[in-house]
file model_9.tsv (TSV, C-alpha atoms)
chain	number	residue	atom	x	y	z
A	30	MET	CA	6.08	8.41	14.36
A	31	LYS	CA	2.71	7.15	15.53
A	32	TYR	CA	1.69	3.49	15.62
A	33	ASN	CA	-1.78	2.37	14.59
A	34	LEU	CA	-3.62	-0.87	15.10
A	35	LEU	CA	-3.83	-2.84	11.85
A	36	GLY	CA	-7.54	-3.39	11.43
A	37	ASN	CA	-9.31	-5.32	14.18
A	38	THR	CA	-6.09	-6.77	15.61
A	39	GLY	CA	-3.70	-5.96	18.42
A	40	LEU	CA	-0.83	-5.47	15.96
A	41	LEU	CA	0.69	-1.99	16.03
A	42	VAL	CA	2.26	-0.75	12.80
A	43	SER	CA	4.02	2.53	12.09
A	44	GLU	CA	1.91	5.11	10.26
A	45	LEU	CA	4.54	5.03	7.52
A	46	CYS	CA	5.58	1.71	5.98
A	47	LEU	CA	8.74	1.17	3.93
A	48	GLY	CA	7.97	-0.09	0.43
A	49	THR	CA	10.60	-2.12	-1.39
A	50	MET	CA	9.76	-1.85	-5.09
A	51	THR	CA	13.03	0.04	-5.69
A	52	PHE	CA	15.15	-2.82	-4.31
A	53	GLY	CA	17.18	-4.79	-6.85
A	54	GLY	CA	15.78	-4.18	-10.29
A	55	ARG	CA	14.98	-7.10	-12.61
A	56	GLY	CA	12.72	-7.25	-15.61
A	57	MET	CA	10.03	-4.56	-15.69
A	58	TRP	CA	11.02	-3.43	-12.20
A	59	THR	CA	14.14	-1.68	-13.48
A	60	ALA	CA	11.85	1.24	-14.42
A	61	ILE	CA	11.10	1.75	-10.72
A	62	GLY	CA	14.46	1.16	-9.06
A	63	THR	CA	17.74	-0.74	-9.25
A	64	LEU	CA	19.17	-0.25	-5.77
A	65	PRO	CA	22.13	-2.48	-4.82
A	66	GLN	CA	22.36	-4.13	-1.40
A	67	ASP	CA	24.46	-1.43	0.28
A	68	GLN	CA	21.95	1.27	-0.64
A	69	VAL	CA	19.07	-0.96	0.42
A	70	ASN	CA	20.75	-1.40	3.78
A	71	SER	CA	21.08	2.38	4.15
A	72	LEU	CA	17.40	3.00	3.37
A	73	VAL	CA	16.24	0.28	5.77
A	74	LYS	CA	18.45	1.73	8.54
A	75	GLN	CA	17.20	5.26	7.85
A	76	SER	CA	13.61	4.03	8.02
A	77	VAL	CA	14.04	2.11	11.26
A	78	ASP	CA	15.93	5.02	12.81
A	79	GLY	CA	12.97	7.20	11.80
A	80	GLY	CA	10.55	4.97	13.72
A	81	ILE	CA	9.29	2.67	10.97
A	82	ASN	CA	8.63	-0.91	12.12
A	83	PHE	CA	6.64	-1.98	9.04
A	84	ILE	CA	8.20	-3.18	5.75
A	85	ASP	CA	6.16	-4.24	2.71
A	86	THR	CA	7.46	-6.33	-0.18
A	87	ALA	CA	6.10	-8.90	-2.67
A	88	ASN	CA	7.31	-12.07	-4.34
A	89	ILE	CA	7.10	-10.51	-7.80
A	90	TYR	CA	9.11	-7.38	-6.99
A	91	SER	CA	12.27	-7.71	-9.08
A	92	GLU	CA	11.35	-11.38	-9.55
A	93	GLY	CA	12.03	-12.26	-5.91
A	94	LEU	CA	15.16	-10.14	-5.49
A	95	SER	CA	13.35	-7.52	-3.40
A	96	GLU	CA	12.38	-10.11	-0.76
A	97	GLN	CA	15.91	-11.48	-0.73
A	98	MET	CA	17.48	-8.05	-0.30
A	99	THR	CA	14.98	-7.06	2.39
A	100	GLY	CA	15.90	-10.10	4.48
A	101	GLN	CA	19.60	-9.54	3.85
A	102	ALA	CA	19.37	-5.91	4.98
A	103	ILE	CA	17.77	-6.93	8.26
A	104	ARG	CA	20.59	-9.40	8.90
A	105	ASP	CA	23.36	-7.04	7.74
A	106	LEU	CA	22.08	-4.31	10.07
A	107	GLY	CA	21.70	-6.67	13.01
A	108	LEU	CA	18.04	-5.75	13.44
A	109	LYS	CA	15.88	-7.90	15.70
A	110	ARG	CA	13.40	-9.74	13.48
A	111	ASP	CA	10.64	-9.71	16.08
A	112	ASP	CA	10.78	-5.92	16.34
A	113	LEU	CA	9.64	-5.64	12.72
A	114	VAL	CA	6.37	-6.30	10.93
A	115	ILE	CA	7.19	-7.90	7.57
A	116	ALA	CA	4.53	-8.03	4.85
A	117	THR	CA	4.73	-9.73	1.48
A	118	LYS	CA	2.31	-10.80	-1.26
A	119	VAL	CA	1.32	-13.64	-3.57
A	120	ARG	CA	-0.55	-13.89	-6.88
A	121	GLY	CA	1.78	-12.75	-9.66
A	122	GLN	CA	3.53	-14.87	-12.28
A	123	MET	CA	6.61	-16.49	-10.73
A	124	GLY	CA	7.50	-18.97	-13.48
A	125	GLU	CA	6.49	-20.22	-16.89
A	126	GLY	CA	4.26	-23.06	-15.73
A	127	PRO	CA	0.45	-22.76	-15.78
A	128	ASN	CA	0.27	-23.15	-11.98
A	129	GLU	CA	2.96	-20.60	-11.19
A	130	VAL	CA	0.48	-17.74	-11.01
A	131	GLY	CA	-2.80	-17.05	-9.25
A	132	LEU	CA	-4.35	-17.90	-5.91
A	133	SER	CA	-4.77	-21.67	-6.04
A	134	LYS	CA	-3.89	-23.65	-2.93
A	135	LYS	CA	-0.92	-25.13	-4.79
A	136	HIS	CA	0.52	-21.76	-5.77
A	137	ILE	CA	-0.09	-20.05	-2.43
A	138	LEU	CA	1.52	-22.78	-0.33
A	139	GLN	CA	4.49	-23.07	-2.68
A	140	GLN	CA	5.05	-19.32	-2.82
A	141	ALA	CA	4.78	-18.87	0.93
A	142	ASP	CA	7.66	-21.32	1.37
A	143	GLU	CA	9.68	-19.63	-1.37
A	144	SER	CA	9.10	-16.19	0.14
A	145	LEU	CA	10.24	-17.45	3.53
A	146	THR	CA	13.37	-18.87	1.90
A	147	ARG	CA	14.17	-15.61	0.11
A	148	LEU	CA	13.52	-13.55	3.24
A	149	ASN	CA	15.42	-16.13	5.31
A	150	MET	CA	12.73	-15.94	7.98
A	151	ASP	CA	10.62	-18.41	9.93
A	152	TYR	CA	7.34	-16.52	9.58
A	153	ILE	CA	5.63	-13.70	7.68
A	154	ASP	CA	3.70	-11.19	9.74
A	155	LEU	CA	1.22	-10.16	7.03
A	156	TYR	CA	0.69	-12.35	3.95
A	157	GLN	CA	-1.42	-10.61	1.32
A	158	ILE	CA	-3.06	-11.70	-1.89
A	159	HIS	CA	-1.87	-9.22	-4.50
A	160	GLY	CA	-5.17	-9.03	-6.36
A	161	PHE	CA	-8.20	-11.05	-7.41
A	162	ASP	CA	-7.95	-14.38	-9.24
A	163	LYS	CA	-11.16	-15.02	-11.20
A	164	LEU	CA	-10.20	-18.66	-11.88
A	165	THR	CA	-9.82	-19.72	-8.24
A	166	PRO	CA	-12.79	-19.89	-5.84
A	167	LEU	CA	-12.34	-17.57	-2.88
A	168	GLU	CA	-13.03	-20.55	-0.62
A	169	GLU	CA	-9.91	-22.31	-1.91
A	170	THR	CA	-7.76	-19.22	-1.51
A	171	LEU	CA	-8.95	-18.58	2.04
A	172	GLU	CA	-8.50	-22.24	3.03
A	173	ALA	CA	-4.89	-22.10	1.83
A	174	LEU	CA	-4.22	-18.88	3.75
A	175	ASP	CA	-5.86	-20.35	6.85
A	176	LEU	CA	-3.53	-23.36	6.63
A	177	LEU	CA	-0.55	-21.01	6.63
A	178	VAL	CA	-1.82	-19.20	9.72
A	179	LYS	CA	-2.49	-22.47	11.55
A	180	SER	CA	0.98	-23.77	10.59
A	181	GLY	CA	2.64	-20.70	12.15
A	182	LYS	CA	4.23	-19.61	8.88
A	183	VAL	CA	1.93	-16.57	8.71
A	184	ARG	CA	0.55	-14.39	11.52
A	185	TYR	CA	-2.12	-12.36	9.68
A	186	ILE	CA	-3.59	-12.30	6.19
A	187	GLY	CA	-4.47	-9.32	4.02
A	188	CYS	CA	-5.55	-8.48	0.50
A	189	SER	CA	-4.76	-5.90	-2.14
A	190	ASN	CA	-6.55	-4.32	-5.09
A	191	LEU	CA	-9.95	-5.91	-4.45
A	192	ALA	CA	-13.35	-4.46	-5.29
A	193	ALA	CA	-15.72	-3.91	-2.39
A	194	TRP	CA	-17.92	-6.89	-3.31
A	195	GLN	CA	-14.90	-9.19	-3.54
A	196	LEU	CA	-13.59	-8.16	-0.12
A	197	MET	CA	-17.01	-8.40	1.52
A	198	LYS	CA	-17.59	-11.83	-0.03
A	199	ALA	CA	-14.23	-13.01	1.33
A	200	LEU	CA	-15.04	-11.71	4.82
A	201	GLY	CA	-18.39	-13.50	4.70
A	202	ILE	CA	-16.80	-16.81	3.67
A	203	SER	CA	-14.23	-16.53	6.46
A	204	ALA	CA	-16.95	-15.87	9.04
A	205	GLN	CA	-19.17	-18.69	7.76
A	206	GLN	CA	-16.40	-21.29	7.54
A	207	HIS	CA	-14.41	-20.13	10.59
A	208	LEU	CA	-11.31	-19.32	8.55
A	209	SER	CA	-8.71	-16.62	9.11
A	210	LYS	CA	-10.00	-13.37	7.67
A	211	PHE	CA	-8.38	-10.45	5.91
A	212	VAL	CA	-7.30	-7.85	8.46
A	213	SER	CA	-6.12	-5.28	5.92
A	214	LEU	CA	-6.53	-4.00	2.40
A	215	GLN	CA	-3.59	-2.56	0.48
A	216	ALA	CA	-4.96	-0.11	-2.07
A	217	TYR	CA	-4.22	2.93	-4.18
A	218	TYR	CA	-5.43	6.10	-2.49
A	219	THR	CA	-4.27	9.68	-2.98
A	220	ILE	CA	-5.72	13.15	-2.77
A	221	ALA	CA	-5.80	13.01	-6.59
A	222	GLY	CA	-7.40	9.55	-6.63
A	223	ARG	CA	-10.16	9.30	-4.05
A	224	ASP	CA	-12.26	6.62	-5.79
A	225	LEU	CA	-11.70	4.34	-2.79
A	226	GLU	CA	-14.09	6.52	-0.82
A	227	ARG	CA	-17.14	5.48	-2.85
A	228	GLU	CA	-17.49	1.87	-1.68
A	229	LEU	CA	-14.32	0.60	-0.02
A	230	VAL	CA	-13.79	3.20	2.71
A	231	PRO	CA	-17.29	2.69	4.18
A	232	LEU	CA	-16.71	-1.08	4.05
A	233	LEU	CA	-13.32	-0.84	5.78
A	234	LEU	CA	-14.68	1.33	8.56
A	235	ASP	CA	-17.76	-0.86	9.05
A	236	GLN	CA	-15.83	-4.15	9.07
A	237	LYS	CA	-12.79	-2.74	10.94
A	238	VAL	CA	-10.37	-3.68	8.18
A	239	GLY	CA	-7.10	-1.73	8.07
A	240	LEU	CA	-5.95	0.27	5.06
A	241	MET	CA	-2.40	0.29	3.72
A	242	VAL	CA	-1.96	2.92	1.01
A	243	TRP	CA	0.25	2.22	-1.99
A	244	SER	CA	1.59	4.91	-4.35
A	245	PRO	CA	0.54	7.78	-2.05
A	246	LEU	CA	2.22	10.30	-4.38
A	247	ALA	CA	0.54	8.85	-7.49
A	248	GLY	CA	3.78	7.54	-8.92
A	249	GLY	CA	5.55	10.82	-8.10
A	250	LEU	CA	2.95	13.04	-9.79
A	251	LEU	CA	2.15	14.67	-6.42
A	252	SER	CA	5.80	15.12	-5.44
A	253	GLY	CA	5.88	18.73	-6.62
A	254	LYS	CA	8.43	18.11	-9.38
A	255	TYR	CA	5.75	17.96	-12.08
A	256	SER	CA	3.49	20.77	-13.29
A	257	ARG	CA	1.15	21.34	-16.21
A	258	ASP	CA	3.48	23.98	-17.65
A	259	ALA	CA	6.82	22.21	-17.37
A	260	LYS	CA	8.10	18.78	-18.28
A	261	THR	CA	10.73	17.07	-16.19
A	262	LYS	CA	13.09	14.46	-17.58
A	263	GLU	CA	13.53	12.67	-14.28
A	264	GLY	CA	11.30	10.75	-11.91
A	265	ARG	CA	9.30	7.54	-12.10
A	266	ARG	CA	6.51	8.98	-14.23
A	267	VAL	CA	8.96	9.49	-17.10
A	268	ASN	CA	9.62	5.75	-17.52
A	269	PHE	CA	6.55	4.30	-15.79
A	270	ASP	CA	3.47	6.51	-16.17
A	271	PHE	CA	1.35	4.73	-13.57
A	272	PRO	CA	-1.11	4.72	-11.81
A	273	PRO	CA	-3.70	6.35	-14.10
A	274	VAL	CA	-4.59	9.86	-12.94
A	275	ASN	CA	-6.72	12.73	-14.23
A	276	LYS	CA	-3.68	14.97	-14.62
A	277	GLU	CA	-5.54	18.23	-15.15
A	278	LYS	CA	-7.40	17.74	-11.88
A	279	ALA	CA	-4.21	16.54	-10.21
A	280	PHE	CA	-2.39	19.73	-11.18
A	281	ASP	CA	-5.28	21.81	-9.76
A	282	ILE	CA	-4.76	19.94	-6.50
A	283	VAL	CA	-0.98	20.41	-6.68
A	284	ASP	CA	-1.51	24.17	-7.05
A	285	VAL	CA	-3.43	24.24	-3.76
A	286	MET	CA	-0.94	21.94	-2.03
A	287	ARG	CA	1.96	24.08	-3.22
A	288	LYS	CA	0.41	27.19	-1.64
A	289	ILE	CA	-0.14	25.37	1.67
A	290	ALA	CA	3.37	23.89	1.53
A	291	GLU	CA	4.95	27.30	1.00
A	292	ASN	CA	3.01	28.74	3.93
A	293	LYS	CA	4.23	25.94	6.18
A	294	GLY	CA	7.77	25.78	4.83
A	295	VAL	CA	7.43	22.14	3.80
A	296	THR	CA	7.33	20.26	0.50
A	297	VAL	CA	4.36	19.45	-1.72
A	298	ALA	CA	5.03	15.73	-1.20
A	299	GLN	CA	4.77	16.17	2.55
A	300	ILE	CA	1.36	17.83	2.18
A	301	ALA	CA	0.14	14.94	-0.01
A	302	LEU	CA	1.32	12.39	2.56
A	303	ALA	CA	0.03	14.43	5.51
A	304	TRP	CA	-3.44	14.58	3.92
A	305	LEU	CA	-3.52	10.77	3.87
A	306	LEU	CA	-2.28	10.56	7.46
A	307	HIS	CA	-5.23	12.77	8.48
A	308	GLN	CA	-7.76	10.29	7.03
A	309	PRO	CA	-9.24	8.10	9.83
A	310	VAL	CA	-9.45	5.01	7.60
A	311	VAL	CA	-5.68	4.92	6.95
A	312	SER	CA	-3.59	2.51	9.02
A	313	SER	CA	-0.27	3.01	7.25
A	314	VAL	CA	1.06	4.81	4.18
A	315	ILE	CA	3.67	2.95	2.13
A	316	ILE	CA	6.61	5.09	1.08
A	317	GLY	CA	9.44	4.08	-1.23
A	318	ALA	CA	12.58	5.84	-2.36
A	319	ASN	CA	15.63	5.62	-4.56
A	320	LYS	CA	17.56	8.29	-2.65
A	321	PRO	CA	18.10	9.01	1.08
A	322	GLU	CA	16.89	12.59	0.66
A	323	GLN	CA	13.59	11.36	-0.81
A	324	LEU	CA	13.09	9.06	2.15
A	325	ALA	CA	14.00	11.81	4.62
A	326	ASP	CA	11.44	14.13	3.04
A	327	ASN	CA	8.73	11.47	3.28
A	328	LEU	CA	9.61	10.62	6.89
A	329	ASN	CA	9.15	14.27	7.86
A	330	ALA	CA	5.57	14.21	6.62
A	331	VAL	CA	4.50	12.81	10.00
A	332	LYS	CA	5.35	16.22	11.52
A	333	VAL	CA	3.02	18.15	9.20
A	334	LYS	CA	-0.32	19.10	10.75
A	335	LEU	CA	-3.14	20.38	8.59
A	336	ASP	CA	-5.73	22.64	10.21
A	337	GLU	CA	-9.46	22.55	9.57
A	338	SER	CA	-9.40	25.28	6.92
A	339	GLU	CA	-6.54	23.62	5.03
A	340	LEU	CA	-8.28	20.24	5.08
A	341	LYS	CA	-11.47	21.90	3.85
A	342	GLU	CA	-9.63	23.60	0.97
A	343	LEU	CA	-7.95	20.33	-0.02
A	344	ALA	CA	-11.24	18.43	0.23
A	345	GLU	CA	-12.97	20.93	-2.04
A	346	VAL	CA	-10.37	20.91	-4.83
A	347	SER	CA	-10.08	17.10	-4.79
A	348	LYS	CA	-13.71	16.09	-4.22
A	349	LEU	CA	-15.22	13.24	-6.21
A	350	SER	CA	-17.91	13.94	-8.77
A	351	PRO	CA	-21.33	12.65	-7.68
A	352	GLU	CA	-22.03	9.07	-8.70
A	353	TYR	CA	-25.07	6.83	-8.28
A	354	PRO	CA	-26.05	5.29	-5.91
A	355	GLY	CA	-23.88	7.46	-3.67
A	356	TRP	CA	-25.80	10.66	-4.28
A	357	MET	CA	-29.12	8.93	-3.61
A	358	ILE	CA	-27.88	7.23	-0.44
A	359	GLU	CA	-26.64	10.60	0.80
A	360	ARG	CA	-29.95	12.26	-0.03
A	361	GLN	CA	-32.10	9.61	1.63
A	362	GLY	CA	-29.84	9.34	4.66
A	363	SER	CA	-29.76	13.03	5.48
A	364	GLY	CA	-32.66	12.81	7.94
A	365	ARG	CA	-31.37	9.84	9.92
call {"tool": "encode", "arguments": {"input": "model_9.tsv", "output": "structure tokens"}}
result
Amino acid sequence: MKYNLLGNTGLLVSELCLGTMTFGGRGMWTAIGTLPQDQVNSLVKQSVDGGINFIDTANIYSEGLSEQMTGQAIRDLGLKRDDLVIATKVRGQMGEGPNEVGLSKKHILQQADESLTRLNMDYIDLYQIHGFDKLTPLEETLEALDLLVKSGKVRYIGCSNLAAWQLMKALGISAQQHLSKFVSLQAYYTIAGRDLERELVPLLLDQKVGLMVWSPLAGGLLSGKYSRDAKTKEGRRVNFDFPPVNKEKAFDIVDVMRKIAENKGVTVAQIALAWLLHQPVVSSVIIGANKPEQLADNLNAVKVKLDESELKELAEVSKLSPEYPGWMIERQGSGR
């Protein structure tokens, strides 16, 4: 396991991060996982034993149960809190009231306290907004997050699922008003979904913002268990067909990954994860599991090395179609 700096900070996080969407299972989250506490404890132990020091959750996962079970696992296993980097998120609907959703100062400050209670912790290492809130000015959101950092309840702030202009606007406000700034972006990125590379990857590299990847196997589509010719009756895609993917192109990519995997004696999922770990913009890849063997397979992806010819073959089969203004910027920049 390697440890990378999270954006322009001195915080070292494991290149794999344990995701907790499978913990508990309430409401819509039952389609993703319904793990009880003893199995949660086992997965957390397996992750930490494998070198992971980074755990990502959110207040909305299983309606708060995921946070609660994450904190309980750390206590049950006797893990030292300060050895771990704990990340959670705020934005989603947490009650029926009109102010129990979004990124207002009221909601953020309330939810930070409630997340700390569920986690049974004194501070959150990385507190992330879970998306954009068009009703709340970014200035208000950033002021609330800055208050949390200054109070000691939060160490760093991050964001998730933002467009490039939204993230850049937020960074500009933070710089102008001397507020804490986003150190990381949590975003969907896979070899079958490289849209991030159009605008966000150049921004992240330029502004030294870290990247945490969610759904690195495209909801299991890149695990190797699916193919264009056969239908499986198990796996997350059966009950929760998300995120959106061009499946025909994805299966073309899987065909290439399967060939490389067979040559190396590894799994297709490990090739998909290894490709992400070879991308310089990636700080950490979030992995989740329902079974110990799934987690073990993902953990072993850090051992897979792709050579130049393999990376070239994967880049070719998964390349983005040209899009303006990207093709014009590339053309005009070729001589500089």
call {"tool": "atom_distance", "arguments": {"input": "model_9.tsv", "atom1": "CA of Gly93 in chain A", "atom2": "CA of Thr63 in chain A"}}
result
13.3 Å
call {"tool": "closest_residue", "arguments": {"input": "model_9.tsv", "among": "A:Asp112, A:Glu342, A:Asp284, A:Asp270", "to": "Ser256 in chain A", "atoms": "only C-alpha atoms"}}
result
A:Asp284
call {"tool": "closest_residue", "arguments": {"input": "model_9.tsv", "among": "A:Ser144, A:Ser347, A:Ser209, A:Gln361", "to": "Trp304 in chain A", "atoms": "all atoms listed in the file"}}
result
A:Ser347
call {"tool": "residues_around", "arguments": {"input": "model_9.tsv", "residues": "Val69 in chain A", "least_positions_apart": "3", "cutoff": "8 Å", "atoms": "all atoms listed in the file", "output": "list of chain:residue names"}}
result
A:Phe52, A:Leu64, A:Pro65, A:Gln66, A:Leu72, A:Val73, A:Met98, A:Thr99, A:Ala102
call {"tool": "closest_residue", "arguments": {"input": "model_9.tsv", "among": "A:Ile61, A:Asp67, A:Lys278, A:Tyr156", "to": "Ser350 in chain A", "atoms": "only C-alpha atoms"}}
result
A:Lys278
call {"tool": "atom_distance", "arguments": {"input": "model_9.tsv", "atom1": "CA of Gln157 in chain A", "atom2": "CA of Asn275 in chain A"}}
result
28.5 Å
call {"tool": "atom_distance", "arguments": {"input": "model_9.tsv", "atom1": "CA of Tyr255 in chain A", "atom2": "CA of Thr86 in chain A"}}
result
27.1 Å
call {"tool": "residues_near_point", "arguments": {"input": "model_9.tsv", "point": "(-14.1, 13.4, -7.1)", "cutoff": "8 Å", "atoms": "only C-alpha atoms", "output": "MDAnalysis selection string"}}
result
chainID A and resid 222:224 347:351
call {"tool": "residues_around", "arguments": {"input": "model_9.tsv", "residues": "Gly56 in chain A", "least_positions_apart": "6", "cutoff": "10 Å", "atoms": "all atoms listed in the file", "output": "PDB file with C-alpha atoms, in the frame of the given file"}}
result
ATOM      1  CA  TYR A  90       9.110  -7.380  -6.990  1.00  0.00           C
ATOM      2  CA  SER A  91      12.270  -7.710  -9.080  1.00  0.00           C
ATOM      3  CA  GLU A  92      11.350 -11.380  -9.550  1.00  0.00           C
TER       4      GLU A  92
END
call {"tool": "closest_residue", "arguments": {"input": "model_9.tsv", "among": "A:Leu250, A:Val114, A:Leu45, A:Ile103", "to": "Ala303 in chain A", "atoms": "only C-alpha atoms"}}
result
A:Leu45
call {"tool": "closest_residue", "arguments": {"input": "model_9.tsv", "among": "A:Thr38, A:Ser133, A:Asn327, A:Ser71", "to": "Tyr185 in chain A", "atoms": "all atoms listed in the file"}}
result
A:Thr38
call {"tool": "residues_near_point", "arguments": {"input": "model_9.tsv", "point": "(14.3, -17.7, 7.5)", "cutoff": "12 Å", "atoms": "all atoms listed in the file", "output": "PyMOL selection string"}}
result
chain A and resi 96-97+99-101+103-104+110+141-153+182
